[in-house]
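Enquirer: File my_file_38.txt below, compact mmCIF, C-alpha atoms:
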```
# COMPACT_ATOMS: atom_id res chain seq x y z
CA MET U 203 74.90 118.38 42.15
CA SER U 204 73.07 118.20 45.47
CA GLN U 205 69.27 118.30 45.41
CA PRO U 206 67.16 120.80 47.38
CA ALA U 207 66.41 119.76 50.95
CA ARG U 208 62.67 119.64 50.32
CA MET U 209 63.14 116.90 47.70
CA ALA U 210 61.69 113.55 48.80
CA GLN U 211 64.09 110.87 49.96
CA PRO U 212 63.58 107.33 48.59
CA SER U 213 61.95 106.12 51.82
CA GLN U 214 59.32 108.85 51.44
CA MET U 215 58.47 107.99 47.84
CA HIS U 216 55.31 106.08 47.00
CA LEU U 217 55.29 104.66 43.49
CA LEU U 218 52.52 103.09 41.42
CA LEU U 219 54.33 101.03 38.75
CA SER U 220 52.05 100.02 35.89
CA GLY U 221 52.98 97.36 33.35
CA PRO U 222 51.56 94.62 31.11
CA HIS U 223 49.82 91.59 32.57
CA PRO U 224 52.37 88.85 33.45
CA ARG U 225 50.51 86.47 31.14
CA VAL U 226 51.86 88.45 28.18
CA GLY U 227 55.47 87.61 29.07
CA GLY U 228 58.39 89.24 27.31
CA GLY U 229 60.90 91.94 28.10
CA VAL U 230 58.54 94.67 29.36
CA VAL U 231 57.01 92.34 31.94
CA ALA U 232 60.49 91.24 33.05
CA HIS U 233 61.66 94.84 33.23
CA CYS U 234 58.73 96.01 35.36
CA GLY U 235 59.07 93.15 37.81
CA ALA U 236 62.84 93.47 38.20
CA LEU U 237 62.77 97.27 38.43
CA GLY U 238 60.02 97.17 41.04
CA ASP U 239 62.02 94.78 43.19
CA ALA U 240 65.17 96.92 42.86
CA LEU U 241 63.27 100.07 43.84
CA VAL U 242 61.91 98.33 46.94
CA ARG U 243 65.47 97.42 47.92
CA LEU U 244 66.32 101.12 47.65
CA GLY U 245 63.58 101.97 50.13
CA LEU U 246 60.67 103.05 47.93
CA HIS U 247 57.10 102.01 48.63
CA VAL U 248 56.14 100.33 45.36
CA GLN U 249 52.74 99.07 44.27
CA GLN U 250 52.70 97.19 40.98
CA VAL U 251 49.52 97.19 38.92
CA HIS U 252 49.04 94.95 35.90
CA VAL U 253 46.97 96.37 33.06
CA GLY U 254 45.11 94.43 30.42
CA ALA U 255 44.02 90.82 30.49
CA GLY U 256 47.16 89.36 28.97
CA LEU U 257 45.35 88.16 25.85
CA ASP U 258 47.12 90.31 23.28
CA GLU U 259 47.28 87.54 20.70
CA ASP U 260 43.47 87.47 20.45
CA GLN U 261 42.77 90.14 17.83
CA THR U 262 39.07 89.43 17.31
CA LEU U 263 36.61 92.31 17.57
CA GLY U 264 35.01 90.70 20.60
CA ALA U 265 38.33 90.50 22.41
CA LYS U 266 39.08 94.16 21.62
CA LEU U 267 35.67 95.27 22.90
CA ARG U 268 36.14 93.27 26.10
CA GLY U 269 39.54 94.90 26.53
CA VAL U 270 38.03 98.39 26.19
CA GLN U 271 35.28 97.53 28.67
CA SER U 272 37.83 96.16 31.15
CA LEU U 273 39.92 99.33 30.83
CA LEU U 274 36.96 101.64 31.36
CA ARG U 275 35.82 99.68 34.40
CA GLY U 276 39.32 99.78 35.88
CA LEU U 277 40.01 103.50 35.43
CA PRO U 278 38.26 104.67 38.63
CA ASN U 279 40.17 102.12 40.71
CA PHE U 280 43.45 103.12 39.03
CA ALA U 281 42.75 106.77 39.82
CA ARG U 282 42.11 105.93 43.47
CA ARG U 283 45.37 104.02 43.69
CA ALA U 284 47.27 106.82 41.93
CA ARG U 285 46.24 109.49 44.42
CA GLY U 286 49.23 110.59 46.50
CA GLN U 287 51.69 108.47 44.51
CA LEU U 288 54.07 108.96 41.62
CA VAL U 289 52.78 106.98 38.62
CA HIS U 290 55.24 105.18 36.32
CA LEU U 291 53.65 103.85 33.10
CA ASN U 292 55.35 101.41 30.71
CA PRO U 293 53.82 101.53 27.22
CA SER U 294 55.32 100.19 24.02
CA PHE U 295 54.83 101.87 20.66
CA THR U 296 51.77 99.83 19.72
CA PRO U 297 48.23 101.15 19.18
CA LYS U 298 46.79 99.11 22.04
CA ALA U 299 49.48 100.10 24.54
CA VAL U 300 49.45 103.83 23.82
CA LEU U 301 45.64 104.04 23.91
CA ARG U 302 45.53 102.15 27.22
CA ASP U 303 48.31 104.13 28.87
CA ALA U 304 46.98 107.45 27.59
CA ALA U 305 43.76 106.69 29.46
CA LEU U 306 45.75 105.76 32.57
CA LEU U 307 47.78 108.97 32.31
CA ILE U 308 44.60 111.05 32.21
CA ALA U 309 43.23 109.17 35.23
CA ALA U 310 46.46 109.80 37.14
CA LYS U 311 46.59 113.50 36.23
CA VAL U 312 42.99 114.01 37.38
CA THR U 313 44.19 113.07 40.88
CA GLY U 314 47.20 115.39 40.65
CA ALA U 315 49.71 112.51 40.64
CA PRO U 316 53.10 113.19 39.02
CA THR U 317 53.69 110.88 36.06
CA VAL U 318 56.53 109.15 34.22
CA ALA U 319 55.96 107.39 30.88
CA GLU U 320 58.69 104.93 29.88
CA PHE U 321 58.50 103.71 26.27
CA HIS U 322 59.73 100.27 25.28
CA GLY U 323 59.66 98.42 21.95
CA GLY U 324 59.03 99.99 18.57
CA MET U 325 59.00 103.53 17.27
CA PRO U 326 56.46 106.38 17.24
CA ASP U 327 55.73 105.75 13.55
CA ASP U 328 54.54 102.25 14.50
CA VAL U 329 51.39 103.82 15.99
CA PRO U 330 48.99 104.53 13.09
CA GLY U 331 45.68 106.31 12.83
CA ILE U 332 44.07 109.40 14.32
CA LEU U 333 43.35 107.73 17.66
CA GLY U 334 46.88 106.39 17.98
CA ARG U 335 48.48 109.75 17.22
CA ALA U 336 46.10 111.46 19.66
CA ALA U 337 47.03 108.97 22.38
CA LEU U 338 50.73 109.61 21.79
CA ARG U 339 50.14 113.35 22.16
CA VAL U 340 48.40 112.69 25.48
CA LEU U 341 51.36 110.62 26.70
CA MET U 342 53.72 113.46 25.78
CA ASN U 343 52.13 115.38 28.68
CA ALA U 344 53.73 113.11 31.28
CA ASP U 345 56.01 114.97 33.69
CA ALA U 346 58.95 112.88 32.42
CA LEU U 347 59.37 110.77 29.29
CA VAL U 348 61.83 107.87 29.24
CA VAL U 349 63.12 105.97 26.21
CA ILE U 350 65.52 103.04 26.15
CA ASN U 351 67.51 103.75 22.98
CA ARG U 352 68.86 106.63 20.89
CA LEU U 353 66.62 105.87 17.91
CA GLN U 354 63.51 106.43 19.99
CA GLU U 355 65.06 109.52 21.59
CA ARG U 356 65.74 111.16 18.23
CA ALA U 357 62.31 110.27 16.86
CA LEU U 358 60.38 111.66 19.83
CA ALA U 359 62.51 114.82 20.01
CA ALA U 360 61.89 115.48 16.30
CA ARG U 361 58.14 114.84 16.43
CA TYR U 362 57.44 116.56 19.77
CA PRO U 363 59.98 119.41 20.18
CA ALA U 364 58.13 120.80 23.20
CA ALA U 365 58.82 117.56 25.09
CA ARG U 366 62.61 117.62 24.70
CA GLY U 367 63.22 119.08 28.14
CA ARG U 368 61.33 116.18 29.73
CA LEU U 369 62.93 113.45 27.61
CA HIS U 370 65.43 111.06 29.24
CA ARG U 371 67.23 107.94 27.99
CA ILE U 372 67.57 105.24 30.66
CA PRO U 373 68.43 101.67 29.59
CA ASN U 374 66.91 98.48 30.82
CA GLY U 375 68.85 96.74 33.56
CA VAL U 376 69.57 93.20 34.73
CA CYS U 377 70.80 91.60 37.92
CA LEU U 378 74.48 90.80 37.60
CA PRO U 379 75.28 87.14 38.30
CA ASP U 380 78.07 86.45 40.77
CA VAL U 381 80.41 84.83 38.28
CA ASP U 382 84.10 84.91 37.34
CA VAL U 383 83.97 85.07 33.55
CA ASP U 384 87.64 84.16 33.12
CA GLN U 385 87.05 80.82 34.83
CA LEU U 386 84.29 79.93 32.35
CA ILE U 387 86.18 80.62 29.13
CA ASP U 388 88.15 77.35 28.82
CA GLY U 389 85.03 75.23 29.31
CA ARG U 390 83.00 77.30 26.87
CA LEU U 391 85.66 76.94 24.16
CA ALA U 392 86.16 73.22 24.82
CA ASN U 393 82.44 72.52 24.35
CA PRO U 394 81.26 75.11 21.81
CA THR U 395 77.56 75.92 22.08
CA LEU U 396 75.44 78.56 20.40
CA LEU U 397 72.58 79.88 22.52
CA TYR U 398 69.44 81.51 21.13
CA MET U 399 67.05 82.73 23.80
CA GLY U 400 63.86 84.68 23.19
CA ARG U 401 60.52 84.58 21.45
CA LEU U 402 60.62 82.10 18.57
CA LEU U 403 59.79 84.33 15.61
CA GLU U 404 61.37 84.02 12.18
CA GLU U 405 62.17 87.76 12.16
CA LYS U 406 64.09 87.36 15.43
CA GLY U 407 66.54 85.16 13.55
CA VAL U 408 66.03 81.75 15.13
CA LEU U 409 65.98 80.00 11.73
CA ASP U 410 69.18 81.78 10.73
CA VAL U 411 70.86 80.43 13.88
CA ILE U 412 70.00 76.88 12.82
CA ARG U 413 71.16 77.50 9.25
CA ALA U 414 74.44 78.89 10.59
CA ALA U 415 74.94 75.81 12.77
CA ALA U 416 74.87 73.65 9.66
CA HIS U 417 78.18 75.34 8.67
CA LEU U 418 79.73 74.72 12.10
CA PRO U 419 80.45 71.00 12.53
CA GLY U 420 80.64 69.84 16.15
CA VAL U 421 78.94 72.95 17.55
CA GLN U 422 75.84 72.40 19.67
CA VAL U 423 72.81 74.72 19.61
CA ASP U 424 70.48 75.49 22.51
CA VAL U 425 67.19 77.17 21.61
CA ALA U 426 65.25 78.53 24.57
CA GLY U 427 61.81 80.04 24.11
CA ASP U 428 58.38 79.45 22.63
CA GLY U 429 56.58 80.91 19.64
CA PRO U 430 55.19 80.25 16.18
CA ALA U 431 58.60 79.51 14.65
CA LEU U 432 59.13 76.44 16.86
CA SER U 433 57.79 73.87 14.37
CA PRO U 434 59.57 75.45 11.38
CA ALA U 435 62.81 75.52 13.38
CA GLN U 436 62.50 71.87 14.34
CA ALA U 437 61.73 70.92 10.74
CA LEU U 438 64.68 72.94 9.46
CA ALA U 439 67.09 71.25 11.88
CA SER U 440 65.91 67.85 10.61
CA GLU U 441 66.09 68.93 6.99
CA LEU U 442 69.69 70.13 7.42
CA GLY U 443 70.68 66.93 9.21
CA ILE U 444 71.64 68.62 12.48
CA ALA U 445 68.64 67.71 14.66
CA GLY U 446 70.99 65.78 16.95
CA ARG U 447 72.96 68.96 17.64
CA VAL U 448 69.98 71.24 18.31
CA THR U 449 68.08 71.13 21.61
CA PHE U 450 64.76 72.94 21.97
CA HIS U 451 64.23 73.75 25.65
CA GLY U 452 60.97 75.71 25.48
CA HIS U 453 60.50 78.58 27.88
CA VAL U 454 63.14 78.51 30.62
CA GLY U 455 63.61 80.40 33.86
CA GLY U 456 65.41 80.19 37.17
CA GLU U 457 68.20 77.65 37.47
CA ALA U 458 67.55 76.16 34.02
CA LYS U 459 68.04 79.56 32.40
CA GLU U 460 71.18 80.24 34.43
CA ALA U 461 72.62 76.87 33.41
CA LEU U 462 72.18 77.69 29.72
CA LEU U 463 73.77 81.13 30.11
CA ARG U 464 76.66 79.74 32.14
CA ALA U 465 77.47 77.10 29.51
CA ALA U 466 76.89 79.13 26.33
CA SER U 467 79.95 79.86 24.23
CA LEU U 468 78.19 82.42 22.02
CA PHE U 469 74.86 84.20 22.31
CA VAL U 470 73.42 84.40 18.81
CA PHE U 471 70.49 86.74 18.24
CA PRO U 472 70.42 87.82 14.56
CA SER U 473 67.13 89.68 14.90
CA TYR U 474 65.72 92.06 12.31
CA TYR U 475 62.54 92.51 14.37
CA ALA U 476 61.50 95.97 15.69
CA GLU U 477 63.48 95.52 18.90
CA GLY U 478 63.65 98.07 21.72
CA GLN U 479 66.45 96.87 23.97
CA PRO U 480 66.23 93.08 24.39
CA ILE U 481 66.66 91.94 27.99
CA VAL U 482 68.24 88.70 26.72
CA LEU U 483 71.14 90.64 25.21
CA LEU U 484 71.73 92.41 28.51
CA GLU U 485 71.73 89.04 30.28
CA ALA U 486 74.27 87.71 27.79
CA LEU U 487 76.52 90.70 28.47
CA ALA U 488 76.17 90.19 32.23
CA TRP U 489 77.28 86.57 31.87
CA GLY U 490 80.28 87.60 29.77
CA ILE U 491 79.12 85.80 26.63
CA PRO U 492 80.31 87.12 23.26
CA VAL U 493 77.26 88.22 21.26
CA ILE U 494 76.44 87.97 17.56
CA THR U 495 73.52 90.11 16.42
CA CYS U 496 72.38 92.16 13.43
CA ASP U 497 74.04 95.38 12.36
CA LEU U 498 70.83 97.37 12.81
CA GLN U 499 69.72 100.20 15.05
CA PRO U 500 68.80 100.16 17.87
CA LEU U 501 70.68 96.88 18.44
CA THR U 502 73.93 98.69 17.63
CA ASP U 503 73.24 101.09 20.51
CA LEU U 504 73.81 98.09 22.74
CA ILE U 505 76.09 95.72 20.82
CA THR U 506 79.27 96.92 19.12
CA PRO U 507 81.87 94.87 17.22
CA GLU U 508 83.88 94.62 20.46
CA CYS U 509 81.00 92.62 21.98
CA GLY U 510 81.43 89.77 19.49
CA GLY U 511 80.20 90.52 15.99
CA LEU U 512 77.59 92.31 13.88
CA VAL U 513 76.11 90.68 10.78
CA PRO U 514 73.67 91.72 8.04
CA PRO U 515 70.04 90.58 8.47
CA ARG U 516 69.12 87.17 7.05
CA SER U 517 72.78 86.15 6.67
CA PRO U 518 73.36 82.76 8.33
CA ALA U 519 76.69 82.36 6.49
CA ALA U 520 77.91 85.60 8.10
CA VAL U 521 76.76 84.34 11.50
CA ALA U 522 78.77 81.15 10.95
CA ASP U 523 81.85 83.13 9.88
CA VAL U 524 81.80 85.33 13.00
CA ALA U 525 81.16 82.32 15.25
CA ARG U 526 84.05 80.42 13.68
CA HIS U 527 86.36 83.42 14.13
CA LEU U 528 85.51 83.83 17.81
CA LEU U 529 85.66 80.14 18.68
CA SER U 530 89.00 79.60 16.94
CA ARG U 531 90.81 82.57 18.53
CA PRO U 532 90.89 82.31 22.31
CA GLU U 533 92.47 85.75 22.75
CA VAL U 534 89.73 87.43 20.69
CA TYR U 535 87.07 85.41 22.49
CA ALA U 536 88.43 86.31 25.94
CA ALA U 537 88.61 90.02 25.05
CA ALA U 538 84.95 90.03 23.98
CA ALA U 539 83.85 88.11 27.08
CA GLY U 540 85.64 90.49 29.44
CA HIS U 541 84.41 93.55 27.55
CA ASN U 542 80.80 92.39 27.81
CA ARG U 543 80.91 91.75 31.53
CA ALA U 544 82.52 95.15 32.15
CA LEU U 545 79.91 96.84 29.94
CA ALA U 546 77.10 95.23 31.93
CA GLU U 547 78.67 96.29 35.23
CA HIS U 548 79.04 99.93 34.19
CA GLU U 549 75.90 100.49 32.10
CA TYR U 550 73.22 97.86 32.69
CA ASP U 551 73.47 96.81 36.34
CA LEU U 552 69.88 96.85 37.58
CA GLU U 553 70.84 98.59 40.81
CA LEU U 554 72.45 101.45 38.88
CA VAL U 555 69.43 101.73 36.59
CA ALA U 556 67.08 101.79 39.60
CA ARG U 557 69.11 104.62 41.16
CA ARG U 558 68.79 106.61 37.94
CA PHE U 559 65.02 106.23 38.15
CA VAL U 560 65.04 107.36 41.79
CA GLN U 561 66.95 110.48 40.73
CA LEU U 562 64.39 111.10 37.97
CA TYR U 563 61.48 110.62 40.38
CA ARG U 564 63.08 113.18 42.71
CA GLN U 565 63.37 115.68 39.87
CA VAL U 566 59.73 115.15 38.90
CA GLN U 567 58.52 115.58 42.48
CA TRP U 568 60.66 118.68 42.99
CA ARG U 569 59.30 120.31 39.83
CA ARG U 570 55.77 119.65 41.01
CA THR U 571 56.32 121.31 44.44
```
Go ahead and render the structure in this file as structure tokens.
Expert:
Amino acid sequence: MSQPARMAQPSQMHLLLSGPHPRVGGGVVAHCGALGDALVRLGLHVQQVHVGAGLDEDQTLGAKLRGVQSLLRGLPNFARRARGQLVHLNPSFTPKAVLRDAALLIAAKVTGAPTVAEFHGGMPDDVPGILGRAALRVLMNADALVVINRLQERALAARYPAARGRLHRIPNGVCLPDVDVDQLIDGRLANPTLLYMGRLLEEKGVLDVIRAAAHLPGVQVDVAGDGPALSPAQALASELGIAGRVTFHGHVGGEAKEALLRAASLFVFPSYYAEGQPIVLLEALAWGIPVITCDLQPLTDLITPECGGLVPPRSPAAVADVARHLLSRPEVYAAAAGHNRALAEHEYDLELVARRFVQLYRQVQWRRT
């Protein structure tokens, strides 16, 4: 349906895109950076502002007080920057994030700026306490609310019925690599490799990947990422006698990351963590890699059995069974690889996702005129 003529065109839009400090790392930071770049390519004027100090792992009282002081000092500057722009906030469902972004939303609304709040990892029930619930109610006053999965959508609609008309589900997006998946399949099957990529946390399943590899003779394992489970994972590989088949790459990016994705036979991410919509899974789809993950929502919003395989949490034997099935049946493997690339092209292409946000921004601006 065509939009009214008075609606702003992309080249007329000025956007203030707020997200976590790059030092934090992770999917939200990657999303904000990639989305900002895609919106610029579409002709928007985008200013990115990083909130917080990027020291989330420091939970001492002193660190929390310094964070509050930094936020309060920064609010006037944020309000000045918000004036005359559309403000796009990116909180997760954590107490710290909702309190911070509720304050930013108030600062933006004082200036009359239209606002979009896009929620990432977790669920509304993950935000405890009177202050947390109050902050969530403040964020529900944004002109548009965006979630990335159906579980979040249902939870917010049930808790805040008045916000349903402003609630939208828009997935994360990734840049599609220029790759012919069919040409990679023979090499991937000839040199079978499991790839785990992400934060190294036990609840994200990295130890289960290593346990599964012990049941898959001749299969190599690439582990990319940093985190507290690194030492336990290394010790487990040695204990199981497969240290020679497991390579720990640490954090990777750029060409090194692309090389791992290009070579991976299977992307194994048996996470039972409170995921939102992991960027790494979208990247695996874009590279046409069959995916094994847990049969849990919201992961099943993204990964279906056609993508590779779904397994129960904490079930390395099931991971090994699915991996063995895919690697031993080239026709099944090729079908999953092609399905995943097509899914990424039609649902998770960053350019398509950016255009959906532009359409949403237009709607928000039109409603405010």
Enquirer: Excluding same-chain residues fewer than 3 positions from range 514-531 of chain U, what lies within 9 Å of it counting all atoms listed in the file, as a count of residues only?
Expert: 33
Enquirer: Kindly provide the residues of range 287-310 of chain U that approach range 217-221 of chain U to within 7 Å, each paired with its closest atom pair and their distance in Å to one decimal, based on only C-alpha atoms, listed by chain and increasing number, as a tab-separated table.
Expert:
```
residue	atom	partner	partner_atom	distance
U:Gln287	CA	U:Leu217	CA	5.3
U:Leu288	CA	U:Leu217	CA	4.8
U:Val289	CA	U:Leu218	CA	4.8
U:His290	CA	U:Leu219	CA	4.9
U:Leu291	CA	U:Ser220	CA	5.0
U:Asn292	CA	U:Gly221	CA	5.4
```
Enquirer: Residues near Val555 in chain U, anyone? I mean within 12 Å using all atoms listed in the file, not counting same-chain ones fewer than 4 positions away, as a list in words.
Expert: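 Counting all atoms listed in the file, the residues come to His233, Ala236, Leu237, Gly238, Ala240, Leu241, Leu244, Ile350, Arg371, Ile372, Pro373, Asn374, Gly375, Val376, Cys377, Ala546, Glu547, His548, Glu549, Tyr550, Asp551, Phe559, Val560, Gln561 and Leu562 of chain U.
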Enquirer: Mind listing as a tab-separated table (two decimals) with C-alpha atoms, keeping the file's coordinate frame all residues within 12 Å of (45.5, 115.0, 36.5), counting all atoms listed in the file?
Expert:
```
chain	number	residue	atom	x	y	z
U	281	ALA	CA	42.75	106.77	39.82
U	282	ARG	CA	42.11	105.93	43.47
U	284	ALA	CA	47.27	106.82	41.93
U	285	ARG	CA	46.24	109.49	44.42
U	286	GLY	CA	49.23	110.59	46.50
U	288	LEU	CA	54.07	108.96	41.62
U	289	VAL	CA	52.78	106.98	38.62
U	304	ALA	CA	46.98	107.45	27.59
U	305	ALA	CA	43.76	106.69	29.46
U	306	LEU	CA	45.75	105.76	32.57
U	307	LEU	CA	47.78	108.97	32.31
U	308	ILE	CA	44.60	111.05	32.21
U	309	ALA	CA	43.23	109.17	35.23
U	310	ALA	CA	46.46	109.80	37.14
U	311	LYS	CA	46.59	113.50	36.23
U	312	VAL	CA	42.99	114.01	37.38
U	313	THR	CA	44.19	113.07	40.88
U	314	GLY	CA	47.20	115.39	40.65
U	315	ALA	CA	49.71	112.51	40.64
U	316	PRO	CA	53.10	113.19	39.02
U	317	THR	CA	53.69	110.88	36.06
U	340	VAL	CA	48.40	112.69	25.48
U	343	ASN	CA	52.13	115.38	28.68
U	344	ALA	CA	53.73	113.11	31.28
U	345	ASP	CA	56.01	114.97	33.69
```
Enquirer: For Phe450 in chain U, which of U:Leu347, U:Met215, U:Cys234, U:Ala437 is the closest residue, counting only C-alpha atoms?
Expert: U:Ala437
Enquirer: So how many Å separate CA of Gln499 in chain U and CA of Leu353 in chain U, to one decimal?
Expert: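 Going from CA of Gln499 in chain U over to CA of Leu353 in chain U, I get 7.1 Å.
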Enquirer: Kindly give the distance, in Å, that separates CA of Gln479 in chain U and CA of Asp503 in chain U, rounded to a single decimal.
Expert: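 The value is 8.7 Å.
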Enquirer: For Arg464 in chain U, which residue out of U:Ala299, U:Val349, U:Ala488, U:Val421 is the nearest one, using only C-alpha atoms?
Expert: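 Among U:Ala299, U:Val349, U:Ala488, U:Val421, it is U:Ala488 that comes nearest to Arg464 in chain U.
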Enquirer: Can you tell me which residues surround Pro326 in chain U at a distance of at most 12 Å, considering all atoms listed in the file, apart from same-chain residues fewer than 5 positions away, and format the answer as a ChimeraX atom specification?
Expert: /U:293-297,299-300,321,331,334-339,341-342,349,353-362,476,478
Enquirer: Point out the residue among U:Val448, U:Val425, U:Ala364, U:Val230 with the least atom-to-atom distance to Phe469 in chain U, counting only C-alpha atoms.
Expert: U:Val425
Enquirer: Can you work out the spacing between CA of Pro330 in chain U and CA of Leu301 in chain U in Å, to one decimal?
Expert: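 Pair CA of Pro330 in chain U / CA of Leu301 in chain U returns 11.3 Å.
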Enquirer: For a quick check of understanding, using all atoms listed in the file, which of U:Glu485, U:Glu477, U:Asp384, U:Asp303 has the smallest distance to Glu460 in chain U?
Expert: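 Distance minimum relative to Glu460 in chain U lands on U:Glu485.
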Enquirer: Go through U:Ala435, U:Ile491, U:Leu397, U:Val381 and flag the residue nearest Leu545 in chain U, using all atoms listed in the file for the distances.
Expert: U:Ile491
Enquirer: Compile the contact shell of Lys406 in chain U as a list in words: residues with an atom at most 8 Å away, counting all atoms listed in the file, same-chain residues fewer than 2 positions apart removed.
Expert: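 With the cut-off at 8 Å, the set is Arg401, Leu402, Leu403, Glu404, Val408, Phe471, Pro472, Ser473, Tyr474 and Tyr475 of chain U.
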Enquirer: Which residue gives the smallest distance to Thr395 in chain U among U:Gln436, U:Asn279, U:Gln250, U:Thr449, with only C-alpha atoms counted?
Expert: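 Answer, going by the shortest atom-to-atom distance: U:Thr449.
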Enquirer: What lies within 8 Å of His541 in chain U using only C-alpha atoms, ignoring chain neighbours under 5 positions off, as JSON, numbers by chain?
Expert: {"U": [490, 508, 509]}
Enquirer: Residues as selected, C-alpha atoms, written as a compact mmCIF listing (two decimals), in the coordinates of the input, can you do that?
Expert:
```
# COMPACT_ATOMS: atom_id res chain seq x y z
CA GLY U 490 80.28 87.60 29.77
CA GLU U 508 83.88 94.62 20.46
CA CYS U 509 81.00 92.62 21.98
```
Enquirer: Kindly provide, as a VMD selection string, the polymer residues lying within 10 Å of (63.1, 76.0, 27.6), counting all atoms listed in the file and using the coordinates exactly as they appear in the file.
Expert: chain U and resid 399 to 400 424 to 428 449 to 455 458 to 459 462
Enquirer: Since we have the selection now, will you write its residues out, keeping C-alpha atoms, as a CSV table (one decimal), keeping the file's coordinate frame?
Expert:
```
chain,number,residue,atom,x,y,z
U,399,MET,CA,67.0,82.7,23.8
U,400,GLY,CA,63.9,84.7,23.2
U,424,ASP,CA,70.5,75.5,22.5
U,425,VAL,CA,67.2,77.2,21.6
U,426,ALA,CA,65.2,78.5,24.6
U,427,GLY,CA,61.8,80.0,24.1
U,428,ASP,CA,58.4,79.4,22.6
U,449,THR,CA,68.1,71.1,21.6
U,450,PHE,CA,64.8,72.9,22.0
U,451,HIS,CA,64.2,73.8,25.6
U,452,GLY,CA,61.0,75.7,25.5
U,453,HIS,CA,60.5,78.6,27.9
U,454,VAL,CA,63.1,78.5,30.6
U,455,GLY,CA,63.6,80.4,33.9
U,458,ALA,CA,67.6,76.2,34.0
U,459,LYS,CA,68.0,79.6,32.4
U,462,LEU,CA,72.2,77.7,29.7
```
Enquirer: Mind completing range 456-468 of chain U with N, CA and C atoms? Output as a JSON list (two decimals), in the frame of the given file, please?
Expert:
```json
[["chain", "number", "residue", "atom", "x", "y", "z"],
["U", 456, "GLY", "N", 64.74, 80.67, 35.97],
["U", 456, "GLY", "CA", 65.41, 80.19, 37.17],
["U", 456, "GLY", "C", 66.72, 79.49, 36.89],
["U", 457, "GLU", "N", 66.93, 78.37, 37.55],
["U", 457, "GLU", "CA", 68.20, 77.65, 37.47],
["U", 457, "GLU", "C", 68.45, 77.10, 36.06],
["U", 458, "ALA", "N", 67.38, 76.69, 35.38],
["U", 458, "ALA", "CA", 67.55, 76.16, 34.02],
["U", 458, "ALA", "C", 68.08, 77.24, 33.08],
["U", 459, "LYS", "N", 67.57, 78.45, 33.22],
["U", 459, "LYS", "CA", 68.04, 79.56, 32.40],
["U", 459, "LYS", "C", 69.50, 79.89, 32.74],
["U", 460, "GLU", "N", 69.81, 79.95, 34.01],
["U", 460, "GLU", "CA", 71.18, 80.24, 34.43],
["U", 460, "GLU", "C", 72.16, 79.19, 33.90],
["U", 461, "ALA", "N", 71.74, 77.93, 33.89],
["U", 461, "ALA", "CA", 72.62, 76.87, 33.41],
["U", 461, "ALA", "C", 72.94, 77.06, 31.93],
["U", 462, "LEU", "N", 71.94, 77.46, 31.14],
["U", 462, "LEU", "CA", 72.18, 77.69, 29.72],
["U", 462, "LEU", "C", 73.12, 78.88, 29.50],
["U", 463, "LEU", "N", 72.92, 79.95, 30.25],
["U", 463, "LEU", "CA", 73.77, 81.13, 30.11],
["U", 463, "LEU", "C", 75.20, 80.84, 30.58],
["U", 464, "ARG", "N", 75.33, 80.06, 31.63],
["U", 464, "ARG", "CA", 76.66, 79.74, 32.14],
["U", 464, "ARG", "C", 77.46, 78.92, 31.12],
["U", 465, "ALA", "N", 76.78, 78.02, 30.42],
["U", 465, "ALA", "CA", 77.47, 77.10, 29.51],
["U", 465, "ALA", "C", 77.65, 77.65, 28.10],
["U", 466, "ALA", "N", 76.89, 78.67, 27.72],
["U", 466, "ALA", "CA", 76.89, 79.13, 26.33],
["U", 466, "ALA", "C", 78.24, 79.71, 25.93],
["U", 467, "SER", "N", 78.72, 79.29, 24.78],
["U", 467, "SER", "CA", 79.95, 79.86, 24.23],
["U", 467, "SER", "C", 79.66, 81.19, 23.53],
["U", 468, "LEU", "N", 78.58, 81.22, 22.75],
["U", 468, "LEU", "CA", 78.19, 82.42, 22.02],
["U", 468, "LEU", "C", 76.69, 82.62, 22.15]]
```
